[in-house]
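Asks: This is the content of target-v2.cif (mmCIF, C-alpha atoms):
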data_structure
loop_
_atom_site.label_atom_id
_atom_site.label_comp_id
_atom_site.auth_asym_id
_atom_site.auth_seq_id
_atom_site.Cartn_x
_atom_site.Cartn_y
_atom_site.Cartn_z
CA MET A 15 -126.54 30.10 35.61
CA THR A 16 -128.06 33.56 35.40
CA GLY A 17 -131.63 34.61 34.68
CA ASP A 18 -133.06 31.83 36.85
CA GLY A 19 -133.51 33.84 40.00
CA PHE A 20 -136.37 33.40 42.40
CA GLU A 21 -138.06 35.98 44.54
CA ILE A 22 -138.64 36.02 48.25
CA GLY A 23 -140.07 39.09 49.91
CA GLY A 24 -139.29 41.26 46.90
CA VAL A 25 -135.63 40.17 46.77
CA VAL A 26 -134.48 38.24 43.71
CA LEU A 27 -131.91 35.58 44.58
CA GLU A 28 -129.68 33.96 41.98
CA SER A 29 -128.21 31.38 44.35
CA ARG A 30 -130.52 28.64 45.53
CA LEU A 31 -128.27 27.53 48.36
CA PHE A 32 -128.79 29.07 51.78
CA THR A 33 -126.05 28.44 54.32
CA GLY A 34 -126.00 28.38 58.10
CA THR A 35 -123.33 29.83 60.37
CA GLY A 36 -123.55 27.42 63.31
CA LYS A 37 -121.12 24.72 64.43
CA TYR A 38 -117.98 25.94 62.65
CA ALA A 39 -114.79 24.92 64.38
CA ASP A 40 -113.56 28.42 63.54
CA ASP A 41 -115.94 31.16 62.38
CA ALA A 42 -113.08 32.74 60.45
CA VAL A 43 -113.72 30.21 57.65
CA ILE A 44 -117.25 31.60 57.06
CA PRO A 45 -116.23 34.19 54.42
CA GLU A 46 -114.50 31.48 52.37
CA VAL A 47 -117.53 29.21 52.75
CA CYS A 48 -119.82 31.98 51.54
CA ALA A 49 -117.61 32.64 48.54
CA ALA A 50 -117.13 28.98 47.63
CA SER A 51 -120.81 28.11 47.96
CA GLY A 52 -122.06 31.14 46.05
CA SER A 53 -124.74 31.46 48.73
CA GLN A 54 -126.43 34.84 49.10
CA VAL A 55 -128.40 34.09 52.28
CA VAL A 56 -127.00 33.07 55.66
CA THR A 57 -128.83 32.18 58.83
CA VAL A 58 -127.89 33.40 62.29
CA ALA A 59 -129.36 32.92 65.77
CA LEU A 60 -129.95 35.35 68.64
CA ARG A 61 -128.57 34.63 72.09
CA ARG A 62 -127.77 36.32 75.37
CA VAL A 63 -124.35 37.92 75.42
CA ASP A 64 -122.10 35.89 77.70
CA LEU A 65 -121.11 38.48 80.27
CA GLY A 66 -118.59 36.18 81.89
CA SER A 67 -116.24 35.83 78.95
CA ALA A 68 -115.28 37.74 75.88
CA THR A 69 -116.48 35.73 72.89
CA GLY A 70 -116.05 36.44 69.21
CA ASN A 71 -118.80 38.09 67.21
CA VAL A 72 -119.99 35.97 64.30
CA MET A 73 -121.07 39.13 62.48
CA ASP A 74 -117.41 40.01 62.04
CA HIS A 75 -117.13 37.04 59.68
CA ILE A 76 -120.27 37.45 57.58
CA PRO A 77 -119.63 39.29 54.30
CA LYS A 78 -121.59 42.52 54.10
CA HIS A 79 -123.36 41.60 50.86
CA MET A 80 -125.01 38.52 52.39
CA LYS A 81 -128.72 38.62 53.14
CA LEU A 82 -129.23 37.78 56.81
CA LEU A 83 -131.92 35.32 57.79
CA PRO A 84 -132.14 35.31 61.60
CA ASN A 85 -133.89 32.29 63.11
CA THR A 86 -136.03 32.03 66.21
CA SER A 87 -134.23 28.97 67.54
CA GLY A 88 -134.70 28.65 71.25
CA ALA A 89 -138.39 29.57 70.97
CA ARG A 90 -140.67 26.96 72.55
CA THR A 91 -143.92 28.88 71.98
CA ALA A 92 -145.36 31.17 69.33
CA ASP A 93 -145.04 34.13 71.69
CA GLU A 94 -141.33 33.46 72.22
CA ALA A 95 -140.79 33.23 68.46
CA VAL A 96 -142.54 36.57 67.98
CA ARG A 97 -140.41 38.12 70.71
CA ILE A 98 -137.17 36.82 69.17
CA ALA A 99 -138.24 37.97 65.70
CA ARG A 100 -138.87 41.51 66.92
CA LEU A 101 -135.49 41.56 68.68
CA ALA A 102 -133.77 40.30 65.55
CA ARG A 103 -135.37 43.03 63.47
CA ALA A 104 -134.27 45.60 66.05
CA MET A 105 -130.69 44.58 65.22
CA GLY A 106 -131.23 46.48 61.98
CA CYS A 107 -130.54 43.64 59.58
CA GLY A 108 -133.86 43.68 57.76
CA ASP A 109 -137.20 41.98 58.18
CA TRP A 110 -136.53 38.40 57.14
CA ILE A 111 -137.14 35.80 59.83
CA LYS A 112 -136.96 32.02 59.90
CA ILE A 113 -139.54 30.79 62.38
CA GLU A 114 -138.50 27.83 64.47
CA VAL A 115 -140.71 26.76 67.34
CA ILE A 116 -139.40 23.64 68.99
CA SER A 117 -140.25 22.08 72.33
CA ASP A 118 -139.15 18.54 71.53
CA ASN A 119 -135.57 18.24 72.68
CA ARG A 120 -134.87 14.77 71.32
CA TYR A 121 -135.64 15.18 67.64
CA LEU A 122 -136.01 18.97 67.49
CA LEU A 123 -139.16 18.58 65.43
CA PRO A 124 -141.04 21.82 64.79
CA ASP A 125 -144.45 22.63 66.29
CA GLY A 126 -146.60 23.35 63.23
CA TYR A 127 -149.50 24.89 65.11
CA ALA A 128 -147.34 27.32 67.07
CA THR A 129 -145.36 28.10 63.91
CA CYS A 130 -148.58 29.09 62.11
CA LYS A 131 -149.61 31.34 64.98
CA ALA A 132 -146.24 33.11 65.00
CA THR A 133 -146.25 33.40 61.20
CA GLU A 134 -149.66 35.07 61.22
CA ILE A 135 -148.58 37.67 63.78
CA LEU A 136 -145.23 38.43 62.17
CA ALA A 137 -146.44 38.54 58.57
CA ALA A 138 -149.04 41.10 59.68
CA GLU A 139 -146.18 43.16 61.14
CA GLY A 140 -144.41 43.21 57.80
CA PHE A 141 -141.90 40.45 58.37
CA VAL A 142 -140.86 38.22 55.50
CA VAL A 143 -141.57 34.93 57.22
CA LEU A 144 -139.84 31.68 56.30
CA PRO A 145 -141.22 28.97 58.57
CA TYR A 146 -139.34 25.76 59.37
CA VAL A 147 -141.90 22.95 59.54
CA ASN A 148 -142.60 19.30 59.01
CA ALA A 149 -143.32 18.36 55.41
CA ASP A 150 -147.10 18.47 55.93
CA LEU A 151 -149.50 19.77 53.31
CA TYR A 152 -152.09 21.05 55.78
CA VAL A 153 -149.49 22.93 57.81
CA ALA A 154 -148.09 24.37 54.58
CA ARG A 155 -151.52 25.57 53.48
CA SER A 156 -152.14 27.16 56.88
CA LEU A 157 -148.78 28.90 56.60
CA ALA A 158 -149.65 30.22 53.16
CA ASP A 159 -152.93 31.56 54.54
CA ALA A 160 -150.99 33.13 57.43
CA GLY A 161 -148.78 35.05 55.01
CA ALA A 162 -145.60 32.98 54.85
CA ALA A 163 -143.13 33.92 52.11
CA ALA A 164 -141.87 30.35 51.68
CA ILE A 165 -142.24 26.91 53.23
CA MET A 166 -139.18 25.26 54.75
CA PRO A 167 -139.83 21.55 55.28
CA LEU A 168 -137.25 19.34 56.94
CA GLY A 169 -135.57 16.54 55.03
CA ALA A 170 -134.56 14.85 58.28
CA PRO A 171 -134.15 16.06 61.87
CA ILE A 172 -131.79 18.99 62.37
CA GLY A 173 -128.12 18.17 62.33
CA THR A 174 -128.53 14.49 61.48
CA ASN A 175 -127.09 14.60 57.94
CA ARG A 176 -129.52 11.78 57.11
CA GLY A 177 -130.82 13.21 53.85
CA LEU A 178 -134.27 13.43 52.30
CA LYS A 179 -136.17 11.08 54.56
CA THR A 180 -139.36 13.05 53.87
CA ARG A 181 -138.90 13.11 50.09
CA GLU A 182 -142.42 11.91 49.17
CA MET A 183 -144.05 14.53 51.41
CA ILE A 184 -141.76 17.25 50.08
CA ARG A 185 -142.70 16.18 46.56
CA ILE A 186 -146.36 16.77 47.42
CA LEU A 187 -145.60 20.22 48.86
CA ILE A 188 -143.74 21.16 45.69
CA GLU A 189 -146.65 19.97 43.55
CA GLU A 190 -149.39 21.58 45.58
CA MET A 191 -147.96 24.83 46.92
CA ASP A 192 -147.47 28.06 45.01
CA LEU A 193 -144.89 29.27 47.54
CA PRO A 194 -141.18 28.47 47.20
CA VAL A 195 -140.34 25.22 48.99
CA ILE A 196 -136.91 25.40 50.60
CA VAL A 197 -135.65 22.14 52.04
CA ASP A 198 -134.17 22.89 55.44
CA ALA A 199 -132.52 20.47 57.88
CA GLY A 200 -131.17 17.00 57.43
CA ILE A 201 -129.40 17.38 54.10
CA GLY A 202 -126.02 15.73 54.61
CA ARG A 203 -124.51 15.34 51.17
CA PRO A 204 -124.42 17.36 47.96
CA SER A 205 -126.19 14.50 46.14
CA GLU A 206 -129.17 14.94 48.47
CA ALA A 207 -129.33 18.67 47.82
CA CYS A 208 -129.11 17.88 44.13
CA GLU A 209 -132.03 15.46 44.41
CA ALA A 210 -134.16 18.03 46.24
CA MET A 211 -133.50 20.50 43.44
CA GLU A 212 -134.23 17.92 40.74
CA MET A 213 -137.60 17.40 42.44
CA GLY A 214 -138.32 21.10 42.00
CA ALA A 215 -137.43 22.56 45.38
CA ALA A 216 -136.81 26.30 45.12
CA ALA A 217 -133.69 26.14 47.31
CA CYS A 218 -131.89 24.19 50.03
CA LEU A 219 -130.58 25.37 53.39
CA VAL A 220 -127.45 23.58 54.56
CA ASN A 221 -125.51 24.11 57.77
CA THR A 222 -124.22 21.03 59.59
CA ALA A 223 -123.13 19.18 56.46
CA ILE A 224 -120.83 22.06 55.50
CA ALA A 225 -119.77 23.24 58.95
CA THR A 226 -118.75 19.79 60.17
CA ALA A 227 -117.12 18.62 56.93
CA GLY A 228 -113.42 17.81 56.98
CA ASP A 229 -112.91 20.76 54.64
CA PRO A 230 -115.89 23.11 54.93
CA VAL A 231 -114.78 25.31 52.02
CA VAL A 232 -114.51 22.42 49.56
CA MET A 233 -117.82 21.01 50.82
CA ALA A 234 -119.46 24.42 50.42
CA ARG A 235 -118.29 24.51 46.80
CA ALA A 236 -119.62 20.99 46.24
CA PHE A 237 -123.02 21.98 47.64
CA GLY A 238 -123.13 25.09 45.48
CA ARG A 239 -122.45 23.02 42.37
CA ALA A 240 -124.89 20.28 43.40
CA VAL A 241 -127.73 22.73 43.90
CA ARG A 242 -127.04 24.31 40.50
CA ALA A 243 -126.83 20.91 38.83
CA GLY A 244 -130.10 19.79 40.37
CA ARG A 245 -131.81 23.00 39.38
CA GLU A 246 -130.60 22.72 35.79
CA ALA A 247 -131.79 19.11 35.65
CA TYR A 248 -135.20 20.19 36.89
CA LEU A 249 -135.40 22.94 34.28
CA ALA A 250 -134.20 20.60 31.54
CA GLY A 251 -136.87 18.02 32.34
CA PRO A 252 -135.57 14.48 32.87
CA GLY A 253 -135.97 11.95 30.03
CA VAL A 254 -138.38 9.06 30.44
CA SER A 255 -137.41 5.94 32.36
CA ARG A 256 -138.44 2.48 31.13
CA GLY A 257 -138.14 -1.16 32.07
CA LEU A 258 -136.51 -2.62 28.99
CA ALA A 259 -133.30 -1.53 27.31
CA SER A 260 -133.48 0.93 24.46
CA ALA A 261 -130.35 1.19 22.32
CA SER A 262 -128.81 4.62 22.08
CA SER A 263 -126.91 3.65 18.93
CA PRO A 264 -128.65 2.80 15.63
CA LEU A 265 -129.61 -0.90 15.27
CA THR A 266 -128.90 -0.98 11.52
CA GLY A 267 -125.79 -0.74 9.33
CA PHE A 268 -123.59 -3.18 11.29
CA LEU A 269 -120.16 -4.09 9.86
CA GLY A 270 -120.23 -7.24 7.65
CA GLY A 271 -123.97 -7.35 7.05
CA GLU A 272 -125.69 -7.95 3.69
CA GLY A 273 -126.09 -4.77 1.66
CA ALA A 274 -129.56 -3.43 1.04
CA MET B 9 -128.92 49.66 93.23
CA ILE B 10 -129.58 46.25 91.72
CA VAL B 11 -130.56 45.43 88.13
CA VAL B 12 -130.81 41.98 86.56
CA VAL B 13 -128.75 41.53 83.39
CA ASN B 14 -129.19 38.28 81.46
CA GLY B 15 -130.50 36.59 84.55
CA THR B 16 -127.73 37.78 86.91
CA ARG B 17 -128.11 40.47 89.58
CA ARG B 18 -125.67 43.35 89.25
CA GLU B 19 -124.92 46.32 91.45
CA ILE B 20 -124.81 49.59 89.50
CA ASP B 21 -124.70 53.26 90.42
CA ARG B 22 -127.98 55.11 90.78
CA GLY B 23 -128.59 57.21 87.68
CA ALA B 24 -126.56 54.92 85.42
CA THR B 25 -127.60 54.81 81.78
CA LEU B 26 -128.02 51.73 79.67
CA LEU B 27 -125.10 52.84 77.52
CA GLY B 28 -122.96 53.24 80.63
CA LEU B 29 -123.89 49.74 81.80
CA LEU B 30 -123.02 48.19 78.44
CA GLU B 31 -119.71 49.97 78.25
CA GLY B 32 -118.94 48.99 81.83
CA LEU B 33 -119.52 45.37 80.82
CA GLY B 34 -117.15 45.76 77.89
CA ILE B 35 -119.93 45.37 75.33
CA ASN B 36 -119.86 47.26 72.04
CA PRO B 37 -123.38 48.77 71.96
CA ASP B 38 -123.47 48.54 68.16
CA THR B 39 -123.41 44.73 68.33
CA VAL B 40 -126.32 44.08 70.65
CA VAL B 41 -130.05 44.43 71.03
CA VAL B 42 -131.53 45.11 74.46
CA GLU B 43 -134.85 44.36 76.08
CA ARG B 44 -135.68 46.29 79.22
CA ASN B 45 -138.54 44.74 81.20
CA GLN B 46 -139.54 42.88 78.01
CA GLU B 47 -139.65 46.01 75.86
CA ILE B 48 -137.10 46.54 73.09
CA VAL B 49 -134.91 49.60 73.61
CA PRO B 50 -133.99 51.21 70.27
CA SER B 51 -130.21 51.41 70.03
CA VAL B 52 -130.37 55.18 69.49
CA ALA B 53 -131.91 55.44 72.96
CA PHE B 54 -129.17 53.56 74.86
CA ALA B 55 -127.55 56.77 76.07
CA ALA B 56 -130.82 58.35 77.13
CA VAL B 57 -132.26 55.43 79.09
CA VAL B 58 -131.63 55.85 82.81
CA LEU B 59 -131.91 52.52 84.59
CA ASN B 60 -134.20 51.94 87.54
CA GLU B 61 -133.86 49.72 90.58
CA GLY B 62 -134.98 46.20 89.68
CA ASP B 63 -134.90 46.61 85.89
CA HIS B 64 -134.67 43.33 84.04
CA LEU B 65 -132.39 43.60 81.02
CA GLU B 66 -131.77 41.10 78.28
CA VAL B 67 -128.68 41.84 76.18
CA LEU B 68 -128.51 39.72 73.05
CA ARG B 69 -126.49 39.43 69.90
CA PHE B 70 -126.33 37.32 66.78
CA VAL B 71 -124.42 34.08 67.02
CA GLY B 72 -123.79 31.31 64.53
CA GLY B 73 -126.92 29.29 63.81
CA GLY B 74 -128.76 27.33 61.18
#
Turn the structure described in the file into structure tokens.
Replies:
Amino acid sequence: MTGDGFEIGGVVLESRLFTGTGKYADDAVIPEVCAASGSQVVTVALRRVDLGSATGNVMDHIPKHMKLLPNTSGARTADEAVRIARLARAMGCGDWIKIEVISDNRYLLPDGYATCKATEILAAEGFVVLPYVNADLYVARSLADAGAAAIMPLGAPIGTNRGLKTREMIRILIEEMDLPVIVDAGIGRPSEACEAMEMGAAACLVNTAIATAGDPVVMARAFGRAVRAGREAYLAGPGVSRGLASASSPLTGFLGGEGA
Amino acid sequence: MIVVVNGTRREIDRGATLLGLLEGLGINPDTVVVERNQEIVPSVAFAAVVLNEGDHLEVLRFVGGG
């Protein structure tokens, strides 16, 4: 579908599926995943170079046309997120940053307060800030005030593939916020991405569900199609639901009846 | 003299540059970002930065992530 792009930080995106680059059994499959999914945005993380062993460079596998969205994973405080964001920008890949501030190791739930603080600092420095947060209206409003370019609520904890456990809260964010709402984390199946899009989400970010699939390329294609289908359904406007049956075929003119 | 690279102490020659250190470690300087004593070193300055005794260096690169 063309002509249904959405804008983040002055960039118009046609694809509403963002993909991650973590957890692949072999990073060499990433170009095929990007192509099959139709994704235009990929996330990456920043880590110390392992000086003890020669490891592959994920950047060798990311197609040049993809928009890079570095994350601040590993940050436990706002200051650490700011530091990672500045380092990521120094890599010369642009000024988009996904803020993640996490100090809870069991469920990896994001710290909304610290995320707002980091967002405020980085937005003022010209970053296009996409914060990963709980699906919380007050946090979302604080992020908007802080200059966020989008809100990225979790559907379920990172990497769980458990789906849209927060659907009712995400629905409220979509209703109440003017910023794009991008569902990030927890989406495990294409049907769940489709549902998020039917609800009016601007986009979905999927990593684990694709990277750990039996066939990541086929799963990437399925997610791409699901996100498009959900978006089209949202734009079309679903028909009404009702309790009693309502015949789709005419209830007159049956075979063998009395003529009028 | 001793510098600390990614948390590990390393012996390097006095007067060594950051670029020389990276190349000595087998790191392609185009693929990394470096913090020296918590300040980002622009990649164009790698060759000009002469390291000092006790410098703390963080050498990072992009990896797969979500």
Asks: The PyMOL selection byres ((chain A) within 6 of (chain B)) on the file shown: which residues, as a PyMOL selection string?
Replies: chain A and resi 34-36+57-63+72+105+221
Asks: Just give me the gap between atom CA of A:Thr129 and atom CA of A:Leu193 in Å, one decimal is fine.
Replies: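 Taking atom CA of A:Thr129 and atom CA of A:Leu193, their separation equals 16.4 Å.
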Asks: Could you tell me how far atom CA of A:Ala236 lies from atom CA of A:Asp192, in Å and to one decimal?
Replies: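 Calculated distance between atom CA of A:Ala236 and atom CA of A:Asp192 is 28.8 Å.
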Asks: Taking only C-alpha atoms into account, which of A:Leu122, A:Val55, A:Glu212, A:Val232 comes nearest A:Lys78?
Replies: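 For A:Lys78, the nearest of the given residues is A:Val55.
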Asks: Could you tell me which residues the PyMOL selection byres ((chain A and resi 82) around 8) returns for this structure, as a PyMOL selection string?
Replies: chain A and resi 55-58+80-81+83-84+107-108+110
Asks: Record the distance separating atom CA of A:Ala162 and atom CA of A:Glu139, expressed in Å with one decimal.
Replies: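 We find that atom CA of A:Ala162 and atom CA of A:Glu139 lie 12.0 Å from each other.
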Asks: Distance cut-off 12 Å, centre (-129.6, 41.3, 89.7) in file coordinates, counting only C-alpha atoms: which residues qualify? Return them as a list in words.
Replies: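 It turns out the residues near that spot are Met9, Ile10, Val11, Val12, Val13, Asn14, Gly15, Thr16, Arg17, Arg18, Glu19, Ile20, Asn60, Glu61, Gly62, Asp63, His64, Leu65 and Glu66 of chain B.
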Asks: For this structure, which residues satisfy the selection - the PyMOL selection byres ((chain A and resi 120) around 12) - when it is evaluated on the file as given? I want them as a PyMOL selection string.
Replies: chain A and resi 116-119+121-124+171-174
Asks: Taking (-136.4, 27.1, 74.3) in the file's coordinates, which residues come within 9 Å, counting all atoms listed in the file, written as a PyMOL selection string?
Replies: chain A and resi 87-91+94+115-117
Asks: If we count all atoms listed in the file and set the cut-off at 10 Å, which residues sit around B:Thr25, ignoring sequence neighbours fewer than 2 positions away in its own chain? Please answer as number ranges by chain.
Replies: B: 20-23, 27-31, 53-60
Asks: Considering all atoms listed in the file, state which residue in the set A:Ala234, A:Gly244, A:Ala250, A:Gly202 is at the smallest distance from A:Val43.
Replies: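 Selected residue with least distance to A:Val43: A:Ala234.
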Asks: Report as a ChimeraX atom specification all protein, DNA and RNA residues lying within 9 Å of A:Ala39, evaluated on all atoms listed in the file, omitting residues in the same chain fewer than 3 positions from it.
Replies: /A:42-43,225-226
Asks: Might I get the box with edges along x, y and z of the file that holds all atoms of stretch 244-262 of chain A listed there, padded by 5 Å on every side, given as centre and edge lengths in Å to one decimal, as lines of an AutoDock Vina configuration file?
Replies:
center_x = -133.6
center_y = 10.2
center_z = 31.2
size_x = 19.6
size_y = 35.6
size_z = 28.3
Asks: Starting from the incomplete input, reconstruct N, CA, C and O atoms of stretch 22-47 of chain A and write that as a JSON list (two decimals), in the coordinates of the input.
Replies:
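Written output follows (out29.json):
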[["chain", "number", "residue", "atom", "x", "y", "z"],
["A", 22, "ILE", "N", -138.06, 36.18, 46.91],
["A", 22, "ILE", "CA", -138.64, 36.02, 48.25],
["A", 22, "ILE", "C", -138.72, 37.42, 48.87],
["A", 22, "ILE", "O", -137.71, 38.12, 48.95],
["A", 23, "GLY", "N", -139.89, 37.80, 49.26],
["A", 23, "GLY", "CA", -140.07, 39.09, 49.91],
["A", 23, "GLY", "C", -139.55, 40.25, 49.09],
["A", 23, "GLY", "O", -138.98, 41.20, 49.64],
["A", 24, "GLY", "N", -139.70, 40.16, 47.77],
["A", 24, "GLY", "CA", -139.29, 41.26, 46.90],
["A", 24, "GLY", "C", -137.80, 41.25, 46.56],
["A", 24, "GLY", "O", -137.34, 42.11, 45.82],
["A", 25, "VAL", "N", -137.06, 40.28, 47.08],
["A", 25, "VAL", "CA", -135.63, 40.17, 46.77],
["A", 25, "VAL", "C", -135.44, 39.02, 45.79],
["A", 25, "VAL", "O", -135.93, 37.91, 46.02],
["A", 26, "VAL", "N", -134.76, 39.29, 44.69],
["A", 26, "VAL", "CA", -134.48, 38.24, 43.71],
["A", 26, "VAL", "C", -133.12, 37.62, 44.04],
["A", 26, "VAL", "O", -132.11, 38.31, 44.13],
["A", 27, "LEU", "N", -133.12, 36.32, 44.24],
["A", 27, "LEU", "CA", -131.91, 35.58, 44.58],
["A", 27, "LEU", "C", -131.48, 34.74, 43.39],
["A", 27, "LEU", "O", -132.29, 34.03, 42.79],
["A", 28, "GLU", "N", -130.21, 34.80, 43.06],
["A", 28, "GLU", "CA", -129.68, 33.96, 41.98],
["A", 28, "GLU", "C", -129.23, 32.61, 42.53],
["A", 28, "GLU", "O", -129.38, 31.58, 41.89],
["A", 29, "SER", "N", -128.65, 32.64, 43.75],
["A", 29, "SER", "CA", -128.21, 31.38, 44.35],
["A", 29, "SER", "C", -129.37, 30.71, 45.07],
["A", 29, "SER", "O", -130.14, 31.36, 45.78],
["A", 30, "ARG", "N", -129.46, 29.41, 44.88],
["A", 30, "ARG", "CA", -130.52, 28.64, 45.53],
["A", 30, "ARG", "C", -129.99, 27.80, 46.68],
["A", 30, "ARG", "O", -130.62, 26.86, 47.12],
["A", 31, "LEU", "N", -128.83, 28.17, 47.17],
["A", 31, "LEU", "CA", -128.27, 27.53, 48.36],
["A", 31, "LEU", "C", -128.21, 28.56, 49.48],
["A", 31, "LEU", "O", -127.56, 29.60, 49.34],
["A", 32, "PHE", "N", -128.90, 28.27, 50.57],
["A", 32, "PHE", "CA", -128.79, 29.07, 51.78],
["A", 32, "PHE", "C", -127.82, 28.34, 52.70],
["A", 32, "PHE", "O", -127.85, 27.11, 52.77],
["A", 33, "THR", "N", -127.00, 29.10, 53.43],
["A", 33, "THR", "CA", -126.05, 28.44, 54.32],
["A", 33, "THR", "C", -126.23, 28.93, 55.75],
["A", 33, "THR", "O", -126.60, 30.08, 55.99],
["A", 34, "GLY", "N", -125.94, 28.04, 56.68],
["A", 34, "GLY", "CA", -126.00, 28.38, 58.10],
["A", 34, "GLY", "C", -124.63, 28.79, 58.60],
["A", 34, "GLY", "O", -123.62, 28.59, 57.93],
["A", 35, "THR", "N", -124.60, 29.36, 59.80],
["A", 35, "THR", "CA", -123.33, 29.83, 60.37],
["A", 35, "THR", "C", -123.01, 29.15, 61.70],
["A", 35, "THR", "O", -122.06, 29.53, 62.38],
["A", 36, "GLY", "N", -123.78, 28.12, 62.05],
["A", 36, "GLY", "CA", -123.55, 27.42, 63.31],
["A", 36, "GLY", "C", -122.52, 26.32, 63.17],
["A", 36, "GLY", "O", -122.26, 25.83, 62.07],
["A", 37, "LYS", "N", -121.93, 25.94, 64.31],
["A", 37, "LYS", "CA", -121.12, 24.72, 64.43],
["A", 37, "LYS", "C", -119.75, 24.77, 63.77],
["A", 37, "LYS", "O", -119.08, 23.74, 63.67],
["A", 38, "TYR", "N", -119.32, 25.91, 63.26],
["A", 38, "TYR", "CA", -117.98, 25.94, 62.65],
["A", 38, "TYR", "C", -116.92, 25.83, 63.73],
["A", 38, "TYR", "O", -117.03, 26.46, 64.79],
["A", 39, "ALA", "N", -115.89, 25.04, 63.44],
["A", 39, "ALA", "CA", -114.79, 24.92, 64.38],
["A", 39, "ALA", "C", -114.13, 26.28, 64.56],
["A", 39, "ALA", "O", -113.66, 26.63, 65.65],
["A", 40, "ASP", "N", -114.11, 27.07, 63.48],
["A", 40, "ASP", "CA", -113.56, 28.42, 63.54],
["A", 40, "ASP", "C", -114.39, 29.31, 62.61],
["A", 40, "ASP", "O", -114.42, 29.08, 61.40],
["A", 41, "ASP", "N", -115.07, 30.30, 63.19],
["A", 41, "ASP", "CA", -115.94, 31.16, 62.38],
["A", 41, "ASP", "C", -115.18, 31.92, 61.30],
["A", 41, "ASP", "O", -115.78, 32.42, 60.34],
["A", 42, "ALA", "N", -113.86, 31.99, 61.44],
["A", 42, "ALA", "CA", -113.08, 32.74, 60.45],
["A", 42, "ALA", "C", -113.16, 32.12, 59.06],
["A", 42, "ALA", "O", -112.83, 32.77, 58.06],
["A", 43, "VAL", "N", -113.62, 30.87, 58.97],
["A", 43, "VAL", "CA", -113.72, 30.21, 57.65],
["A", 43, "VAL", "C", -115.01, 30.63, 56.93],
["A", 43, "VAL", "O", -115.18, 30.37, 55.73],
["A", 44, "ILE", "N", -115.93, 31.28, 57.64],
["A", 44, "ILE", "CA", -117.25, 31.60, 57.06],
["A", 44, "ILE", "C", -117.16, 32.43, 55.77],
["A", 44, "ILE", "O", -117.88, 32.13, 54.80],
["A", 45, "PRO", "N", -116.30, 33.44, 55.70],
["A", 45, "PRO", "CA", -116.23, 34.19, 54.42],
["A", 45, "PRO", "C", -115.84, 33.31, 53.23],
["A", 45, "PRO", "O", -116.41, 33.45, 52.14],
["A", 46, "GLU", "N", -114.90, 32.39, 53.46],
["A", 46, "GLU", "CA", -114.50, 31.48, 52.37],
["A", 46, "GLU", "C", -115.64, 30.53, 52.01],
["A", 46, "GLU", "O", -115.82, 30.19, 50.84],
["A", 47, "VAL", "N", -116.39, 30.10, 53.01],
["A", 47, "VAL", "CA", -117.53, 29.21, 52.75],
["A", 47, "VAL", "C", -118.58, 29.95, 51.92],
["A", 47, "VAL", "O", -119.12, 29.40, 50.96]]
